[in-house]
$ cat upload.txt   # compact mmCIF, C-alpha atoms
# COMPACT_ATOMS: atom_id res chain seq x y z
CA MET A 1 -61.35 41.43 10.65
CA VAL A 2 -62.22 38.81 8.05
CA ALA A 3 -62.52 35.40 9.63
CA LEU A 4 -59.64 33.34 8.27
CA VAL A 5 -60.62 30.33 10.29
CA PRO A 6 -62.85 27.92 8.34
CA SER A 7 -66.29 27.86 9.87
CA THR A 8 -68.74 26.15 7.57
CA PRO A 9 -68.42 22.38 7.14
CA LYS A 10 -67.67 22.88 3.44
CA GLU A 11 -64.81 25.27 4.26
CA LYS A 12 -63.52 22.92 6.93
CA ARG A 13 -63.40 20.01 4.50
CA ALA A 14 -61.62 22.10 1.86
CA TYR A 15 -59.10 23.24 4.46
CA TRP A 16 -58.19 19.73 5.55
CA GLN A 17 -58.12 18.39 2.01
CA SER A 18 -55.62 21.10 1.04
CA ALA A 19 -53.46 20.34 4.05
CA LEU A 20 -53.45 16.64 3.15
CA ALA A 21 -52.60 17.44 -0.46
CA LEU A 22 -49.51 19.27 0.77
CA LEU A 23 -48.27 16.03 2.28
CA LEU A 24 -48.29 14.64 -1.24
CA VAL A 25 -47.18 17.66 -3.20
CA VAL A 26 -44.08 18.66 -1.20
CA PRO A 27 -42.26 15.31 -1.53
CA LEU A 28 -43.21 15.26 -5.20
CA VAL A 29 -41.62 18.67 -5.74
CA ILE A 30 -38.45 17.61 -3.93
CA ALA A 31 -38.24 14.45 -5.99
CA THR A 32 -38.77 16.25 -9.30
CA ARG A 33 -36.21 18.95 -8.54
CA SER A 34 -33.48 16.60 -7.37
CA TYR A 35 -34.09 13.64 -9.71
CA GLN A 36 -31.32 14.65 -12.10
CA ASP A 37 -28.77 15.12 -9.34
CA VAL A 38 -29.67 11.84 -7.67
CA MET A 39 -29.26 9.93 -10.95
CA GLU A 40 -25.86 11.57 -11.47
CA TRP A 41 -24.79 10.67 -7.94
CA ARG A 42 -25.91 7.11 -8.48
CA SER A 43 -23.81 6.79 -11.60
CA GLN A 44 -20.71 7.54 -9.54
CA GLN A 45 -21.45 4.99 -6.82
CA GLU A 46 -20.71 1.31 -6.76
CA LEU A 47 -23.89 -0.28 -5.56
CA ASN A 48 -24.74 -3.56 -7.31
CA ALA A 49 -22.03 -6.19 -7.22
CA THR A 50 -21.42 -8.87 -9.78
CA VAL A 51 -19.19 -11.36 -8.02
CA ALA A 52 -16.94 -13.86 -9.73
CA ALA A 53 -15.86 -16.72 -7.48
CA PRO A 54 -12.17 -17.70 -7.61
CA ASN A 55 -11.17 -19.30 -10.93
CA THR A 56 -14.42 -18.34 -12.60
CA SER A 57 -15.29 -15.50 -14.92
CA ALA A 58 -18.13 -13.01 -14.80
CA VAL A 59 -19.89 -10.90 -17.39
CA TYR A 60 -19.81 -7.16 -16.75
CA ALA A 61 -20.09 -4.10 -18.99
CA GLY A 62 -20.09 -5.97 -22.26
CA ALA A 63 -17.11 -8.20 -21.48
CA GLU A 64 -16.24 -11.42 -19.73
CA TRP A 65 -13.71 -10.79 -16.97
CA ARG A 66 -11.48 -13.20 -15.15
CA LEU A 67 -8.73 -12.90 -12.59
CA GLU A 68 -5.57 -14.59 -13.85
CA ARG A 69 -2.88 -14.28 -11.21
CA VAL A 70 -2.14 -12.44 -7.99
CA HIS A 71 1.56 -11.95 -7.22
CA ARG A 72 2.77 -10.85 -3.79
CA LEU A 73 6.19 -9.28 -3.68
CA ASN A 74 7.61 -8.84 -0.21
CA GLU A 75 10.64 -6.74 0.46
CA PRO A 76 12.27 -7.90 3.69
CA GLY A 77 12.37 -5.20 6.33
CA SER A 78 9.45 -3.29 4.91
CA ASP A 79 5.96 -3.19 6.41
CA ALA A 80 4.50 -3.01 2.92
CA THR A 81 3.99 -5.63 0.25
CA VAL A 82 3.51 -5.02 -3.46
CA ILE A 83 0.63 -6.94 -5.01
CA VAL A 84 0.53 -7.27 -8.80
CA VAL A 85 -2.81 -8.48 -10.17
CA GLU A 86 -3.15 -9.82 -13.69
CA PHE A 87 -6.63 -10.02 -15.18
CA GLU A 88 -8.20 -10.22 -18.60
CA ALA A 89 -11.43 -9.28 -20.31
CA THR A 90 -12.96 -10.82 -23.44
CA VAL A 91 -14.93 -8.01 -25.02
CA SER A 92 -18.32 -8.62 -26.61
CA ASP A 93 -19.59 -5.03 -26.67
CA PRO A 94 -16.77 -2.58 -27.45
CA ALA A 95 -19.00 0.46 -26.93
CA LEU A 96 -19.65 -0.46 -23.29
CA PHE A 97 -16.03 -1.40 -22.69
CA ALA A 98 -14.60 1.97 -23.77
CA ALA A 99 -15.08 3.79 -20.47
CA THR A 100 -13.09 5.20 -17.59
CA CYS A 101 -12.14 2.40 -15.27
CA ASN A 102 -11.93 2.45 -11.45
CA VAL A 103 -9.93 -0.38 -9.97
CA GLY A 104 -9.32 -1.14 -6.32
CA LEU A 105 -8.13 -3.89 -4.06
CA THR A 106 -10.21 -4.71 -0.99
CA ASP A 107 -9.92 -7.18 1.83
CA ALA A 108 -12.18 -8.41 4.61
CA SER A 109 -11.85 -5.12 6.47
CA ARG A 110 -13.41 -3.33 3.46
CA ARG A 111 -10.52 -0.93 3.14
CA ARG A 112 -9.64 -0.01 -0.38
CA TRP A 113 -6.22 0.28 -1.97
CA LYS A 114 -6.03 2.27 -5.16
CA PRO A 115 -3.64 1.15 -7.88
CA GLN A 116 -0.18 2.61 -8.22
CA PHE A 117 0.25 5.00 -11.09
CA LEU A 118 3.66 3.54 -11.90
CA ALA A 119 4.59 -0.03 -11.01
CA PRO A 120 6.97 -0.03 -8.03
CA PRO A 121 10.61 -0.93 -8.76
CA ILE A 122 10.35 -4.37 -7.13
CA ALA A 123 7.45 -5.25 -9.46
CA ARG A 124 9.43 -4.16 -12.49
CA ARG A 125 12.35 -6.29 -11.34
CA ILE A 126 10.55 -9.49 -10.41
CA ARG A 127 7.49 -9.45 -12.69
CA PRO A 128 8.48 -7.48 -15.79
CA ALA A 129 6.02 -9.32 -18.02
CA ALA A 130 3.09 -8.41 -15.80
CA VAL A 131 4.21 -4.80 -15.54
CA GLU A 132 4.34 -4.59 -19.35
CA ARG A 133 0.59 -5.08 -19.55
CA PRO A 134 -1.62 -2.01 -19.82
CA ARG A 135 -3.57 -0.79 -16.82
CA CYS A 136 -7.35 -1.01 -16.91
CA GLY A 137 -7.88 2.67 -17.78
CA THR A 138 -5.44 2.74 -20.69
CA ALA A 139 -6.61 -0.60 -22.06
CA ALA A 140 -10.22 0.54 -22.14
CA ILE A 141 -9.40 3.65 -24.19
CA LYS A 142 -7.78 1.85 -27.11
CA PRO A 143 -10.27 0.81 -29.82
CA VAL A 144 -11.19 -2.86 -29.45
CA LYS A 145 -13.11 -5.27 -31.64
CA ALA A 146 -15.73 -7.66 -30.34
CA GLY A 147 -14.07 -10.92 -29.43
CA ASP A 148 -10.70 -9.39 -28.45
CA THR A 149 -9.20 -10.50 -25.17
CA ILE A 150 -7.54 -7.63 -23.36
CA ARG A 151 -4.89 -8.56 -20.81
CA MET A 152 -4.31 -6.05 -18.06
CA ALA A 153 -2.39 -5.73 -14.83
CA GLU A 154 -2.46 -3.35 -11.87
CA SER A 155 -0.05 -3.00 -8.95
CA PHE A 156 -0.88 -2.06 -5.38
CA VAL A 157 1.05 -1.29 -2.21
CA THR A 158 -0.61 -2.88 0.82
CA PRO A 159 0.33 -3.87 4.37
CA ALA A 160 2.41 -7.05 4.53
CA ASP A 161 -0.09 -8.83 6.79
CA ILE A 162 -2.97 -8.55 4.33
CA ALA A 163 -4.97 -11.75 3.87
CA ASP A 164 -7.38 -12.55 1.04
CA VAL A 165 -7.84 -9.78 -1.45
CA ASP A 166 -10.55 -9.10 -4.01
CA LEU A 167 -10.20 -6.96 -7.10
CA VAL A 168 -13.02 -4.45 -7.55
CA ILE A 169 -13.57 -3.00 -11.02
CA SER A 170 -16.17 -0.51 -12.18
CA LEU A 171 -16.57 1.09 -15.57
CA SER A 172 -18.29 4.45 -15.97
CA THR A 173 -20.70 3.00 -18.53
CA ALA A 174 -21.92 0.32 -16.16
CA ARG A 175 -22.02 2.01 -12.74
CA PRO A 176 -23.75 1.62 -10.24
CA ALA A 177 -23.10 -2.02 -11.10
CA TYR A 178 -19.55 -3.14 -10.31
CA LEU A 179 -17.47 -6.26 -10.53
CA VAL A 180 -15.68 -8.20 -7.81
CA LEU A 181 -13.05 -10.77 -8.80
CA GLU A 182 -12.17 -12.98 -5.86
CA MET B 1 -60.66 44.68 21.49
CA ILE B 2 -58.69 42.03 23.35
CA ARG B 3 -58.59 39.77 20.27
CA VAL B 4 -57.27 42.58 18.10
CA THR B 5 -54.52 43.36 20.63
CA ILE B 6 -53.49 39.72 20.81
CA ALA B 7 -53.43 39.53 17.01
CA VAL B 8 -51.26 42.65 16.73
CA ILE B 9 -48.83 41.37 19.38
CA GLY B 10 -48.65 38.03 17.58
CA VAL B 11 -47.85 39.63 14.25
CA ALA B 12 -45.24 41.91 15.83
CA ALA B 13 -43.58 38.95 17.55
CA ALA B 14 -43.49 37.03 14.25
CA ILE B 15 -41.90 40.00 12.48
CA ALA B 16 -39.27 40.34 15.21
CA LEU B 17 -38.44 36.62 15.05
CA LEU B 18 -38.13 36.58 11.27
CA TYR B 19 -35.99 39.71 11.30
CA GLY B 20 -33.69 38.10 13.85
CA LEU B 21 -33.43 34.95 11.76
CA GLN B 22 -32.58 36.92 8.65
CA LYS B 23 -29.94 39.03 10.36
CA THR B 24 -28.16 36.06 11.90
CA GLN B 25 -28.22 33.86 8.81
CA PRO B 26 -24.73 32.35 8.32
CA GLY B 27 -23.04 32.88 4.98
CA TYR B 28 -22.45 30.06 2.51
CA ALA B 29 -18.83 29.76 3.56
CA ASP B 30 -19.90 29.23 7.15
CA ILE B 31 -22.50 26.64 6.29
CA THR B 32 -20.02 24.59 4.28
CA ARG B 33 -17.03 25.23 6.56
CA PRO B 34 -14.85 22.21 7.30
CA ILE B 35 -15.58 20.51 10.59
CA ALA B 36 -12.78 21.21 13.05
CA VAL B 37 -11.13 18.49 15.11
CA HIS B 38 -9.11 20.06 17.90
CA GLY B 39 -6.00 18.63 19.49
CA ALA B 40 -2.42 19.25 20.52
CA LEU B 41 1.06 18.02 19.70
CA GLY B 42 1.46 14.35 20.48
CA GLU B 43 -2.25 13.62 20.29
CA ARG B 44 -3.63 11.28 17.67
CA LEU B 45 -6.34 13.16 15.83
CA THR B 46 -8.89 11.45 13.63
CA ALA B 47 -10.17 13.15 10.51
CA ARG B 48 -12.71 11.49 8.25
CA ALA B 49 -10.20 9.95 5.86
CA PHE B 50 -6.96 9.90 7.86
CA GLU B 51 -5.37 9.95 11.31
CA LEU B 52 -2.50 12.24 12.19
CA THR B 53 -0.23 12.71 15.21
CA ALA B 54 2.02 15.76 15.06
CA THR B 55 5.09 14.67 16.99
CA LYS B 56 7.67 17.45 16.92
CA ILE B 57 8.22 21.03 15.82
CA THR B 58 11.80 22.15 15.16
CA LEU B 59 12.68 25.75 14.39
CA ALA B 60 15.72 26.52 12.27
CA GLU B 61 17.48 29.34 10.51
CA ARG B 62 18.09 27.27 7.41
CA ILE B 63 17.04 24.03 5.78
CA ALA B 64 19.31 21.79 3.75
CA LEU B 65 18.45 18.93 1.45
CA ARG B 66 21.16 16.34 1.11
CA SER B 67 21.11 13.65 -1.51
CA GLY B 68 24.34 11.68 -1.76
CA THR B 69 27.04 14.31 -1.84
CA ARG B 70 24.90 17.12 -3.20
CA GLU B 71 23.44 19.57 -0.74
CA GLN B 72 21.00 22.42 -1.34
CA THR B 73 20.53 25.06 1.35
CA PHE B 74 17.60 27.39 1.88
CA ASP B 75 18.02 30.53 3.95
CA THR B 76 15.27 32.71 5.28
CA SER B 77 14.89 36.13 6.81
CA GLY B 78 12.26 34.66 9.09
CA VAL B 79 12.37 31.22 10.66
CA TRP B 80 11.76 27.72 9.32
CA ALA B 81 9.29 25.53 11.20
CA VAL B 82 9.78 21.82 10.51
CA VAL B 83 6.82 19.79 11.73
CA GLU B 84 7.20 16.02 11.98
CA ALA B 85 4.09 13.88 12.05
CA GLN B 86 2.83 10.31 11.82
CA ILE B 87 -0.07 9.88 9.44
CA ALA B 88 -2.19 6.95 8.29
CA ALA B 89 -5.03 6.61 5.80
CA ARG B 90 -8.14 5.11 7.35
CA HIS B 91 -10.27 3.53 4.65
CA GLU B 92 -8.75 4.07 1.23
CA SER B 93 -5.62 5.33 -0.50
CA ILE B 94 -5.40 9.12 -0.31
CA ASN B 95 -3.10 12.09 -0.64
CA VAL B 96 -3.37 14.70 2.08
CA SER B 97 -2.33 17.89 0.36
CA SER B 98 -3.30 20.77 2.61
CA ALA B 99 -1.51 21.93 5.74
CA SER B 100 -1.19 25.51 6.96
CA TRP B 101 0.26 27.30 9.95
CA MET B 102 -2.19 29.75 11.47
CA GLY B 103 -0.41 32.31 13.62
CA ALA B 104 -1.87 33.87 16.72
CA SER B 105 -3.21 36.78 14.66
CA GLY B 106 -5.12 34.45 12.35
CA VAL B 107 -2.76 34.81 9.38
CA ARG B 108 -2.32 31.50 7.58
CA TYR B 109 0.88 30.27 5.97
CA THR B 110 0.69 27.34 3.58
CA MET B 111 3.53 24.87 3.30
CA SER B 112 6.67 26.24 1.74
CA GLN B 113 7.15 25.61 -1.97
CA ARG B 114 10.87 26.29 -1.81
CA ALA B 115 12.16 22.92 -0.67
CA ALA B 116 9.53 21.13 -2.73
CA THR B 117 11.90 18.34 -3.78
CA ALA B 118 12.51 17.26 -0.18
CA PRO B 119 11.63 13.63 0.58
CA GLY B 120 8.87 12.91 3.05
CA LEU B 121 6.79 16.03 2.43
CA LEU B 122 3.12 15.54 3.30
CA PRO B 123 1.53 16.41 -0.07
CA ALA B 124 3.85 14.06 -1.95
CA GLU B 125 3.18 10.97 0.18
CA ARG B 126 0.54 8.59 -1.16
CA LEU B 127 -1.00 7.07 1.99
CA GLU B 128 -2.28 3.52 1.94
CA PRO B 129 -4.65 2.10 4.57
CA GLY B 130 -2.75 0.05 7.15
CA LEU B 131 0.60 1.69 6.38
CA PRO B 132 1.31 4.63 8.70
CA ARG B 133 4.06 6.95 7.53
CA LYS B 134 6.32 9.63 8.94
CA VAL B 135 5.89 12.93 7.11
CA LEU B 136 7.25 16.46 7.18
CA MET B 137 5.58 19.84 6.84
CA LEU B 138 7.78 22.85 6.18
CA PHE B 139 6.67 26.39 6.92
CA GLU B 140 8.58 29.62 6.46
CA LEU B 141 7.36 32.15 9.04
CA PRO B 142 8.03 35.54 10.55
CA PRO B 143 9.27 34.93 14.12
CA GLU B 144 6.28 36.70 15.69
CA GLN B 145 3.85 34.17 14.16
CA VAL B 146 5.45 31.17 15.83
CA LYS B 147 3.96 31.53 19.30
CA ASP B 148 0.39 30.39 20.05
CA ALA B 149 -0.13 29.01 16.59
CA THR B 150 -2.41 26.32 15.25
CA ILE B 151 -1.54 23.89 12.47
CA LEU B 152 -4.47 23.16 10.17
CA VAL B 153 -4.41 19.91 8.23
CA SER B 154 -7.08 18.77 5.81
CA ARG B 155 -7.23 16.46 2.87
CA THR B 156 -7.66 19.19 0.27
CA PRO B 157 -7.31 23.00 0.47
CA PHE B 158 -11.05 23.52 -0.07
CA SER B 159 -12.84 20.81 1.84
CA PRO B 160 -16.44 21.78 2.48
CA ILE B 161 -18.01 19.77 5.30
CA ASP B 162 -14.93 17.54 5.46
CA SER B 163 -12.74 17.33 8.58
CA GLU B 164 -9.96 19.77 9.31
CA LEU B 165 -7.48 19.10 12.11
CA HIS B 166 -6.62 22.04 14.36
CA ILE B 167 -3.41 21.17 16.20
CA LYS B 168 -2.22 23.56 18.91
CA ALA B 169 1.44 24.12 18.22
CA ASN B 170 2.77 24.92 21.68
CA VAL B 171 6.20 26.21 20.82
CA PRO B 172 7.94 27.18 24.07
CA THR B 173 9.21 30.74 24.44
CA PRO B 174 11.86 32.05 24.24
CA LEU B 175 12.12 30.50 20.78
CA PHE B 176 14.87 27.94 20.47
CA VAL B 177 16.00 28.33 16.86
CA ARG B 178 18.53 25.80 15.58
CA ASN B 179 21.23 26.61 13.12
CA ILE B 180 20.26 24.11 10.44
CA VAL B 181 17.91 21.18 9.84
CA ARG B 182 19.18 18.76 7.21
CA ILE B 183 16.83 16.40 5.42
CA VAL B 184 19.00 13.53 4.27
CA ARG B 185 17.79 11.18 1.56
CA GLY B 186 18.39 7.51 2.36
CA THR B 187 19.75 4.83 0.05
CA ASN B 188 16.40 3.15 -0.59
CA ALA B 189 13.54 4.95 -2.31
CA GLY B 190 11.41 6.94 0.10
CA GLU B 191 13.85 6.78 3.01
CA TRP B 192 14.95 9.95 4.71
CA GLN B 193 15.98 11.29 8.08
CA LEU B 194 16.52 14.58 9.84
CA GLU B 195 19.79 15.93 11.14
CA VAL B 196 19.38 18.82 13.52
CA ARG B 197 22.30 21.03 14.51
$ encode --input "upload.txt" --output "structure tokens"
Amino acid sequence: MVALVPSTPKEKRAYWQSALALLLVVPLVIATRSYQDVMEWRSQQELNATVAAPNTSAVYAGAEWRLERVHRLNEPGSDATVIVVEFEATVSDPALFAATCNVGLTDASRRRWKPQFLAPPIARRIRPAAVERPRCGTAAIKPVKAGDTIRMAESFVTPADIADVDLVISLSTARPAYLVLE
Amino acid sequence: MIRVTIAVIGVAAAIALLYGLQKTQPGYADITRPIAVHGALGERLTARAFELTATKITLAERIALRSGTREQTFDTSGVWAVVEAQIAARHESINVSSASWMGASGVRYTMSQRAATAPGLLPAERLEPGLPRKVLMLFELPPEQVKDATILVSRTPFSPIDSELHIKANVPTPLFVRNIVRIVRGTNAGEWQLEVR
């Protein structure tokens, strides 16, 4: 049988060099093959936060965002409370602003409440002006000019005992960066 | 001679091992199968995105939906199974849309589409974290599939590598089938209750 085991020093060195090269080559192959998918996954995640302290504004995705008002509407006898959040964005780059918008409400427990598709009846009764405003997704689709201030509102249904809430916004053009309005 | 024998045995063993691995390779559906969480009625089961406790199973010959003075009745040649449950979202707002009744023979029945306008049905309830809700699941079944069944609940119908609750539905025999279960809409939005006769 042919000796497949390296015997001469030269063969031995070549053998170990090849084995070491594998350690380099295999991760490289994995990285090259999955690079595209990883980048796509990253663009769906919310990883880098831009935080605006209360009563301040922050720049995100070509606009300056600020939280205007947070209304809590309690219905007696219900374990839920409706929170209506009004916020505005002054657009400086309309191209970045025209994107799908993900909005959520979070609290200290890091749970996330997604916005209601239609404002609940109590919100329409008590805060009709806020409910009239467009939601973030619809506002971002309409064509805007640089310098426009877009006023938006979203409503959420949360437990009545919820404490401080933050609004989390991310636009598809700016992810993985996201915005937190406290 | 000895070295050749050892080499041949080694190669044969490798071939046998590889053949075994190839023959027992699980299919794609098995690899991405939802992860089962087993439990019984009355137990709080934790899936990845929600928690559910199936509280009661009521069997009936017909279902009625009452809203104000209007009433709609649904007959069946089999039997209706009305499953009541408490459910809560864990981390974020979700809709749990998939529940099926798996009979003893392995046949699965998805939730009935007939009384789709009933209040409180599981797929229609948007669940918010911190707000547990009472929900209903309606199944229309042949009587022989009621015994020794399992209720499968998952967030979506096709949930690869996500959790799926397997709840043992211990319906006592002989089957106690009621005449009618009425789902009565309350005065406020989202309120409802069951009347069992």
$ atom_distance --input "upload.txt" --atom1 "CA of Ala104 (chain B)" --atom2 "CA of Val153 (chain B)"
16.5 Å
$ closest_residue --input "upload.txt" --among "A:Val131, A:Ile141, A:Val29, A:Leu105" --to "chain B" --atoms "only C-alpha atoms"
A:Leu105
$ interface_residues --input "upload.txt" --of "chain A" --to "chain B" --cutoff "6 Å" --atoms "only C-alpha atoms" --output "MDAnalysis selection string"
chainID A and resid 111:114 159
$ atom_distance --input "upload.txt" --atom1 "CA of Ala61 (chain A)" --atom2 "CA of Cys136 (chain A)"
13.3 Å
$ axis_aligned_box --input "upload.txt" --around "region 172-175 of chain B" --padding-each-side "8 Å" --output "AutoDock Vina command-line options"
--center_x 10.0 --center_y 29.6 --center_z 22.6 --size_x 20.2 --size_y 20.9 --size_z 19.7
$ atom_distance --input "upload.txt" --atom1 "CA of Leu122 (chain B)" --atom2 "CA of Leu165 (chain B)"
14.2 Å
